[in-house]
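Shown below: my_file11.cif, with mmCIF, C-alpha atoms.
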data_coords
#
loop_
_atom_site.label_atom_id
_atom_site.label_comp_id
_atom_site.auth_asym_id
_atom_site.auth_seq_id
_atom_site.Cartn_x
_atom_site.Cartn_y
_atom_site.Cartn_z
CA MET W 1 0.00 0.00 0.00
CA LEU W 2 2.73 2.36 1.00
CA LYS W 3 4.77 1.33 -1.97
CA ARG W 4 1.87 1.98 -4.30
CA SER W 5 1.13 5.42 -2.85
CA PHE W 6 4.83 6.26 -2.95
CA ALA W 7 4.97 5.24 -6.58
CA ILE W 8 1.92 7.35 -7.42
CA THR W 9 3.35 10.38 -5.59
CA MET W 10 6.64 9.97 -7.38
CA ALA W 11 4.93 9.68 -10.74
CA VAL W 12 2.82 12.78 -10.12
CA GLY W 13 5.82 14.63 -8.82
CA ALA W 14 7.84 13.68 -11.87
CA LEU W 15 5.03 14.85 -14.14
CA VAL W 16 4.74 18.20 -12.35
CA VAL W 17 8.46 18.81 -12.34
CA GLY W 18 8.82 17.65 -15.94
CA GLY W 19 5.94 19.82 -17.15
CA GLY W 20 7.19 22.82 -15.24
CA ALA W 21 10.67 22.38 -16.58
CA ALA W 22 9.47 21.97 -20.12
CA SER W 23 7.31 25.07 -20.05
CA ALA W 24 9.95 27.05 -18.26
CA LEU W 25 12.45 26.06 -20.90
CA ALA W 26 9.97 27.06 -23.57
CA ASP W 27 9.59 30.45 -21.91
CA GLY W 28 13.29 30.82 -21.65
CA GLY W 29 13.30 30.83 -17.86
CA ASP W 30 14.96 28.62 -15.27
CA ALA W 31 14.08 24.99 -15.28
CA GLY W 32 12.05 23.73 -12.38
CA SER W 33 11.28 27.07 -10.83
CA THR W 34 7.73 27.38 -12.14
CA THR W 35 4.61 25.42 -11.44
CA THR W 36 1.95 24.18 -13.85
CA GLY W 37 -0.51 26.85 -12.74
CA THR W 38 1.69 29.72 -13.71
CA THR W 39 2.67 28.22 -17.02
CA THR W 40 -0.93 28.09 -18.22
CA MET W 41 -1.28 31.72 -17.24
CA THR W 42 1.81 32.86 -19.03
CA ASP W 43 1.39 30.79 -22.16
CA THR W 44 -2.19 31.55 -23.14
CA PRO W 45 -2.03 35.36 -23.47
CA THR W 46 0.74 35.09 -26.00
CA THR W 47 -1.41 32.97 -28.29
CA VAL W 48 -4.29 35.46 -27.91
CA ALA W 49 -1.99 38.30 -28.73
CA THR W 50 -1.19 36.75 -32.10
CA THR W 51 -4.86 36.41 -32.98
CA VAL W 52 -5.37 40.06 -32.08
CA THR W 53 -2.52 41.48 -34.08
CA THR W 54 -3.26 39.70 -37.35
CA PRO W 55 -6.55 41.50 -38.18
CA VAL W 56 -4.88 44.84 -37.57
CA ALA W 57 -2.45 44.05 -40.35
CA THR W 58 -5.18 43.07 -42.86
CA PRO W 59 -6.56 46.52 -43.80
CA VAL W 60 -4.49 47.34 -46.84
CA THR W 61 -6.32 50.47 -47.84
CA VAL W 62 -4.18 53.26 -46.50
CA THR W 63 -3.22 54.24 -50.00
CA THR W 64 -4.32 57.86 -49.89
CA PRO W 65 -1.88 60.15 -48.20
CA VAL W 66 -3.66 63.13 -49.74
CA GLN W 67 -6.46 64.69 -47.72
CA GLY W 68 -9.90 63.79 -48.99
CA ASP W 69 -10.93 67.40 -48.79
CA ASP W 70 -8.20 68.46 -51.21
CA VAL W 71 -9.08 65.82 -53.78
CA ALA W 72 -12.76 66.71 -53.59
CA GLU W 73 -11.90 70.39 -53.88
CA HIS W 74 -9.77 69.83 -56.96
CA ALA W 75 -12.48 67.75 -58.57
CA ALA W 76 -15.11 70.35 -57.70
CA ASN W 77 -12.97 73.09 -59.24
CA ASP W 78 -12.53 71.09 -62.43
CA VAL W 79 -16.24 70.35 -62.63
CA MET W 80 -17.07 74.02 -62.09
CA ALA W 81 -14.63 75.01 -64.82
CA ALA W 82 -16.28 72.51 -67.14
CA ALA W 83 -19.75 73.83 -66.29
CA ASN W 84 -18.68 77.40 -66.92
CA GLY W 85 -16.87 76.42 -70.09
CA VAL W 86 -19.87 74.61 -71.53
CA GLN W 87 -22.15 77.47 -70.56
CA ASN W 88 -19.88 80.03 -72.16
CA GLU W 89 -19.59 77.93 -75.24
CA ALA W 90 -23.34 77.69 -75.56
CA ILE W 91 -24.04 81.29 -74.66
CA ALA W 92 -21.26 82.80 -76.69
CA GLU W 93 -22.69 81.46 -79.88
CA THR W 94 -26.24 82.56 -79.30
CA ASP W 95 -25.84 86.13 -80.41
CA ASP W 96 -24.16 85.59 -83.72
CA ASP W 97 -23.45 83.12 -86.44
CA ASP W 98 -20.38 80.93 -86.60
CA ALA W 99 -18.81 82.90 -89.36
CA GLY W 100 -16.57 84.92 -87.12
CA ASP W 101 -13.33 83.96 -85.57
CA ARG W 102 -13.80 85.95 -82.40
CA HIS W 103 -13.35 83.05 -80.08
CA GLY W 104 -10.20 81.85 -81.65
CA ALA W 105 -12.02 78.73 -82.79
CA ASN W 106 -9.01 77.39 -84.52
CA ASP W 107 -10.09 73.94 -85.47
CA ASP W 108 -13.78 73.67 -84.92
CA SER W 109 -14.58 71.73 -87.99
CA GLU W 110 -18.11 70.97 -86.85
CA GLU W 111 -19.30 74.50 -87.36
CA SER W 112 -20.51 75.38 -90.78
CA GLY W 113 -18.79 78.33 -92.28
CA ASP W 114 -15.84 77.98 -90.05
CA HIS W 115 -13.55 76.74 -92.75
CA GLY W 116 -11.25 79.25 -94.19
CA HIS W 117 -11.19 81.50 -91.18
CA HIS W 118 -8.00 80.07 -89.94
CA ARG W 119 -5.95 81.09 -92.86
CA GLY W 120 -3.15 83.38 -92.02
CA GLN W 121 -3.33 82.82 -88.29
CA GLY W 122 0.17 81.58 -88.23
CA ASN W 123 -0.42 78.77 -85.75
CA ASP W 124 1.59 75.72 -86.40
CA GLN W 125 -1.02 73.12 -85.76
CA SER W 126 -0.76 69.83 -87.43
CA GLY W 127 -3.70 67.51 -87.65
CA ASN W 128 -6.16 69.49 -85.57
CA ASP W 129 -9.46 67.79 -85.88
CA ASP W 130 -11.50 65.48 -87.97
CA GLY W 131 -12.71 67.01 -91.16
CA ASP W 132 -10.15 69.72 -91.13
CA THR W 133 -8.81 68.91 -94.53
CA GLY W 134 -10.37 71.97 -96.05
CA HIS W 135 -7.92 74.30 -94.42
CA SER W 136 -5.22 75.45 -96.67
CA GLY W 137 -1.53 75.81 -96.23
CA ARG W 138 -1.30 74.22 -92.78
CA GLY W 139 0.44 70.97 -93.39
CA HIS W 140 -2.15 68.65 -91.91
CA ASP W 141 -1.11 65.15 -91.44
CA GLY W 142 -4.64 63.86 -91.31
CA SER W 143 -4.47 62.46 -87.81
CA ASP W 144 -7.23 63.11 -85.32
CA ASP W 145 -5.03 63.37 -82.33
CA ASP W 146 -5.22 66.99 -81.30
CA ASP W 147 -4.64 66.87 -77.59
CA SER W 148 -1.13 68.14 -77.98
CA VAL W 149 -2.48 71.14 -79.77
CA LEU W 150 -4.84 72.28 -77.09
CA SER W 151 -2.28 73.78 -74.83
CA ALA W 152 -0.73 75.63 -77.70
CA GLN W 153 -3.94 77.37 -78.58
CA SER W 154 -4.37 80.72 -77.07
CA GLY W 155 -7.36 82.25 -78.79
CA GLY W 156 -10.13 80.47 -76.93
CA GLU W 157 -8.82 81.00 -73.42
CA MET J 1 -7.23 23.95 -4.58
CA THR J 2 -4.84 26.76 -5.27
CA ASN J 3 -4.35 25.35 -8.72
CA ASP J 4 -8.09 25.53 -9.30
CA ILE J 5 -8.11 29.18 -8.34
CA ARG J 6 -5.18 29.83 -10.60
CA ILE J 7 -6.81 28.02 -13.49
CA ARG J 8 -10.00 30.00 -12.96
CA ARG J 9 -8.05 33.22 -12.83
CA ALA J 10 -6.24 32.24 -16.00
CA GLY J 11 -9.57 31.52 -17.64
CA ARG J 12 -10.83 34.94 -16.63
CA ILE J 13 -7.74 36.63 -17.99
CA LEU J 14 -8.09 34.64 -21.18
CA THR J 15 -11.73 35.69 -21.58
CA LEU J 16 -10.80 39.31 -20.94
CA ALA J 17 -8.00 39.14 -23.47
CA VAL J 18 -10.32 37.64 -26.06
CA MET J 19 -12.87 40.40 -25.41
CA VAL J 20 -10.26 43.13 -25.72
CA GLY J 21 -8.96 41.46 -28.86
CA SER J 22 -12.36 41.30 -30.48
CA LEU J 23 -12.99 44.94 -29.58
CA LEU J 24 -9.70 45.92 -31.16
CA THR J 25 -10.55 43.85 -34.23
CA LEU J 26 -13.94 45.52 -34.54
CA ALA J 27 -12.41 48.98 -34.21
CA SER J 28 -9.77 48.23 -36.82
CA THR J 29 -12.25 46.83 -39.34
CA ALA J 30 -14.47 49.89 -38.82
CA GLY J 31 -11.51 52.10 -39.56
CA ALA J 32 -10.63 49.95 -42.54
CA SER J 33 -14.06 50.18 -44.14
CA ASN J 34 -14.11 53.96 -43.74
CA ALA J 35 -10.62 54.18 -45.14
CA THR J 36 -11.69 52.06 -48.11
CA LEU J 37 -14.63 54.37 -48.71
CA ARG J 38 -12.36 57.40 -48.52
CA ALA J 39 -9.92 55.82 -50.95
CA SER J 40 -12.73 55.00 -53.35
CA VAL J 41 -14.27 58.49 -53.19
CA ASN J 42 -10.86 60.11 -53.62
CA SER J 43 -9.84 57.99 -56.55
CA TRP J 44 -13.13 58.52 -58.36
CA SER J 45 -13.05 62.22 -57.58
CA ARG J 46 -9.69 62.37 -59.31
CA THR J 47 -11.07 60.57 -62.35
CA ILE J 48 -14.09 62.83 -62.44
CA GLY J 49 -11.83 65.86 -62.18
CA ILE J 50 -9.73 64.71 -65.12
CA ASP J 51 -12.86 64.10 -67.20
CA ALA J 52 -14.23 67.50 -66.24
CA HIS J 53 -10.96 69.08 -67.25
CA SER J 54 -11.20 67.59 -70.72
CA VAL J 55 -14.80 68.81 -71.02
CA ALA J 56 -13.69 72.30 -70.05
CA LEU J 57 -10.80 72.20 -72.49
CA ALA J 58 -13.03 71.09 -75.37
CA ALA J 59 -15.54 73.80 -74.51
CA GLN J 60 -12.88 76.48 -74.29
CA ASN J 61 -11.52 75.50 -77.66
CA ARG J 62 -14.96 75.45 -79.20
CA HIS J 63 -15.05 71.77 -79.98
CA PRO J 64 -18.67 70.81 -79.38
CA ARG J 65 -18.23 67.33 -80.73
CA ARG J 66 -15.27 66.60 -78.54
CA MET J 67 -17.05 68.30 -75.68
CA THR J 68 -19.92 65.85 -76.16
CA SER J 69 -17.66 62.82 -76.15
CA SER J 70 -15.82 64.08 -73.07
CA ALA J 71 -19.14 64.70 -71.36
CA LEU J 72 -20.21 61.15 -72.16
CA ARG J 73 -16.99 59.82 -70.70
CA PHE J 74 -17.57 61.98 -67.63
CA ARG J 75 -21.07 60.51 -67.37
CA SER J 76 -19.93 56.90 -67.58
CA ASP J 77 -17.24 57.55 -64.99
CA ALA J 78 -19.78 59.22 -62.71
CA LEU J 79 -21.96 56.12 -63.00
CA ARG J 80 -19.02 53.84 -62.30
CA ALA J 81 -18.03 55.99 -59.35
CA ARG J 82 -21.53 55.75 -58.00
CA ALA J 83 -21.52 51.97 -58.30
CA ALA J 84 -18.08 51.71 -56.67
CA VAL J 85 -19.06 53.92 -53.74
CA ALA J 86 -22.35 52.06 -53.33
CA ARG J 87 -20.40 48.80 -52.96
CA GLN J 88 -18.58 50.13 -49.89
CA ARG J 89 -19.81 49.19 -46.43
CA PRO J 90 -18.96 51.96 -43.99
CA SER J 91 -19.33 50.94 -40.38
CA THR J 92 -19.59 54.28 -38.64
CA THR J 93 -22.41 56.80 -38.83
CA GLY J 94 -20.05 59.36 -40.30
CA GLY J 95 -18.95 56.93 -42.95
CA LYS J 96 -22.52 56.14 -43.89
CA ARG J 97 -23.33 59.82 -44.12
CA ALA J 98 -20.29 60.44 -46.29
CA GLN J 99 -21.31 57.57 -48.53
CA LYS J 100 -24.79 59.03 -48.99
CA LEU J 101 -23.32 62.44 -49.80
CA ALA J 102 -20.87 60.98 -52.30
CA LEU J 103 -23.58 58.91 -53.96
CA ALA J 104 -25.78 62.00 -54.31
CA ALA J 105 -22.80 63.96 -55.66
CA PHE J 106 -22.06 61.41 -58.35
CA THR J 107 -25.74 61.27 -59.27
CA ASP J 108 -25.72 65.04 -59.74
CA TYR J 109 -22.53 64.80 -61.78
CA GLU J 110 -24.16 62.22 -63.99
CA ALA J 111 -27.06 64.60 -64.58
CA ALA J 112 -24.64 67.43 -65.30
CA ALA J 113 -22.78 65.30 -67.80
CA GLN J 114 -26.00 64.41 -69.55
CA GLY J 115 -26.74 68.11 -69.82
CA TRP J 116 -23.29 68.86 -71.20
CA ALA J 117 -23.61 66.10 -73.77
CA ALA J 118 -27.06 67.37 -74.77
CA ALA J 119 -25.71 70.91 -75.00
CA GLY J 120 -22.87 69.72 -77.19
CA ARG J 121 -25.23 67.82 -79.47
CA ALA J 122 -27.56 70.79 -79.74
CA ARG J 123 -24.58 72.98 -80.48
CA VAL J 124 -23.44 70.66 -83.27
CA LEU J 125 -26.92 70.78 -84.75
CA GLY J 126 -26.88 74.53 -84.52
CA ASN J 127 -29.68 74.68 -81.97
CA ARG J 128 -28.10 77.24 -79.72
CA ALA J 129 -31.11 78.07 -77.60
CA VAL J 130 -31.43 74.45 -76.55
CA ALA J 131 -27.68 74.26 -76.00
CA GLY J 132 -27.81 77.27 -73.70
CA ARG J 133 -30.72 75.86 -71.71
CA ARG J 134 -29.06 72.48 -71.31
CA ALA J 135 -25.79 74.06 -70.30
CA ARG J 136 -27.48 76.17 -67.64
CA ALA J 137 -29.34 73.18 -66.21
CA ALA J 138 -26.13 71.15 -66.24
CA ALA J 139 -24.31 73.91 -64.35
CA ILE J 140 -26.94 73.78 -61.61
CA SER J 141 -26.49 70.02 -61.29
CA ALA J 142 -22.71 70.40 -61.31
CA ARG J 143 -22.85 72.99 -58.54
CA ALA J 144 -25.09 70.75 -56.45
CA GLY J 145 -22.76 67.82 -57.03
CA ASN J 146 -19.78 69.91 -55.98
CA LYS J 147 -21.41 70.89 -52.71
CA LEU J 148 -22.23 67.28 -51.93
CA LEU J 149 -18.77 65.99 -52.85
CA LEU J 150 -17.09 68.63 -50.71
CA ALA J 151 -19.37 67.75 -47.82
CA ALA J 152 -18.50 64.07 -48.24
CA GLY J 153 -14.81 64.93 -48.27
CA ARG J 154 -15.18 66.93 -45.08
CA VAL J 155 -16.97 64.06 -43.33
CA LEU J 156 -14.36 61.54 -44.43
CA GLY J 157 -11.59 63.89 -43.31
#

Please express what this file holds, its structure, as structure tokens.
Amino acid sequence: MLKRSFAITMAVGALVVGGGAASALADGGDAGSTTTGTTTMTDTPTTVATTVTTPVATPVTVTTPVQGDDVAEHAANDVMAAANGVQNEAIAETDDDDAGDRHGANDDSEESGDHGHHRGQGNDQSGNDDGDTGHSGRGHDGSDDDDSVLSAQSGGE
Amino acid sequence: MTNDIRIRRAGRILTLAVMVGSLLTLASTAGASNATLRASVNSWSRTIGIDAHSVALAAQNRHPRRMTSSALRFRSDALRARAAVARQRPSTTGGKRAQKLALAAFTDYEAAAQGWAAAGRARVLGNRAVAGRRARAAAISARAGNKLLLAAGRVLG
């Protein structure tokens, strides 16, 4: 009886000491100085901490260092400029026919009677717009790409 | 007995840590969804601004046909912006308010673009009275859209 109880005590003791030593070694501490109770306390928060930190890393959308207000303001300014531009374009033509060149309409091929008004302007446009082939002495290359020309035009601005 | 108390205490600490972790996770995802909304609004605002700039440029240079095509591009981008912003799921009240404002802004921009395109078409056809009316109506929509977009930008910060 005594032998059996001694054996059980020894076995339990060995388990406790072995477990404590193992967890203490895992924690980097001294072997045998901790008990099983404390190891469960120290080990579990570390695993929780990892589950907490991972979601924080997931949001990838911090791609806008610019203030939202600034971007909106820029866009609003551009939209307002467009609105005013379209309005001016529509209003400016209401009082007269298209025959004049007042607005510096260099390459507005859509307007009837606009051909021929660009002669002698001296601008060095090449390939202004579609249907511009009627203009004389300009050296058109027939291409429709006129975006590069826009900044060079000064009459309409 | 003491081990039991320790285990219970460890359990309590664990529960507390999990609760704090979930709170942190919730807070971070809320911030993430608002940040995603801000990024979306900003990026589409930029696109809209670029489109508006090309509308303004075409109008200034008296290119009604190009103005119409730019306005149509502006319109399709406004619609895409609206769809993109609608897909966002802001978690905070401020974020939801900003989303509503941005959606309304892009709806107004879409209306403005339709007006610009109509004005351009009328202008090409030589119907200047209609062009003027459409341009004026479009300017009202554009102004309303600007106010809403700026308000959304302010809310998003």

Starting from the point (-31.9, 76.1, -73.3), work out which residues of protein, DNA or RNA have an atom no more than 12 Å away when counting only C-alpha atoms; state them as a PyMOL selection string.
(chain W and resi 87+90-91+94) or (chain J and resi 115-116+118-120+122-123+127-139)

Between CA of Ser33 (chain J) and CA of Leu148 (chain J), what distance in Å does the model show, to one decimal?
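Between these atoms lies a distance of 20.5 Å.
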
Report the residues retrieved by the PyMOL selection byres ((chain J and resi 38-49) around 9) from the displayed file, expressed as a ChimeraX atom specification.
/W:61-64,66-69,71-72,74-79 /J:33-37,50-54,74-75,77-78,80-82,84-85,88,95,98-99,102,109,149,152-153,156-157

d(CA of Arg65 (chain J), CA of Ala82 (chain W)) in Å:
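Between CA of Arg65 (chain J) and CA of Ala82 (chain W) the gap works out to 14.7 Å.
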
By how many Å are CA of Ala104 (chain J) and CA of Asp70 (chain W) apart?
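If I compute the distance from CA of Ala104 (chain J) to CA of Asp70 (chain W), I get 19.0 Å.
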
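Nearest residue to chain W, choosing from J:Arg66, J:Arg154, J:Arg12, J:Arg89 and counting all atoms listed in the file: J:Arg154.
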
Selected residue, from J:Ser91, J:Ser76, J:Gln60, J:Thr15, that lies nearest to chain W when counting all atoms listed in the file:
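Of the candidates, the smallest distance to chain W is held by J:Gln60.
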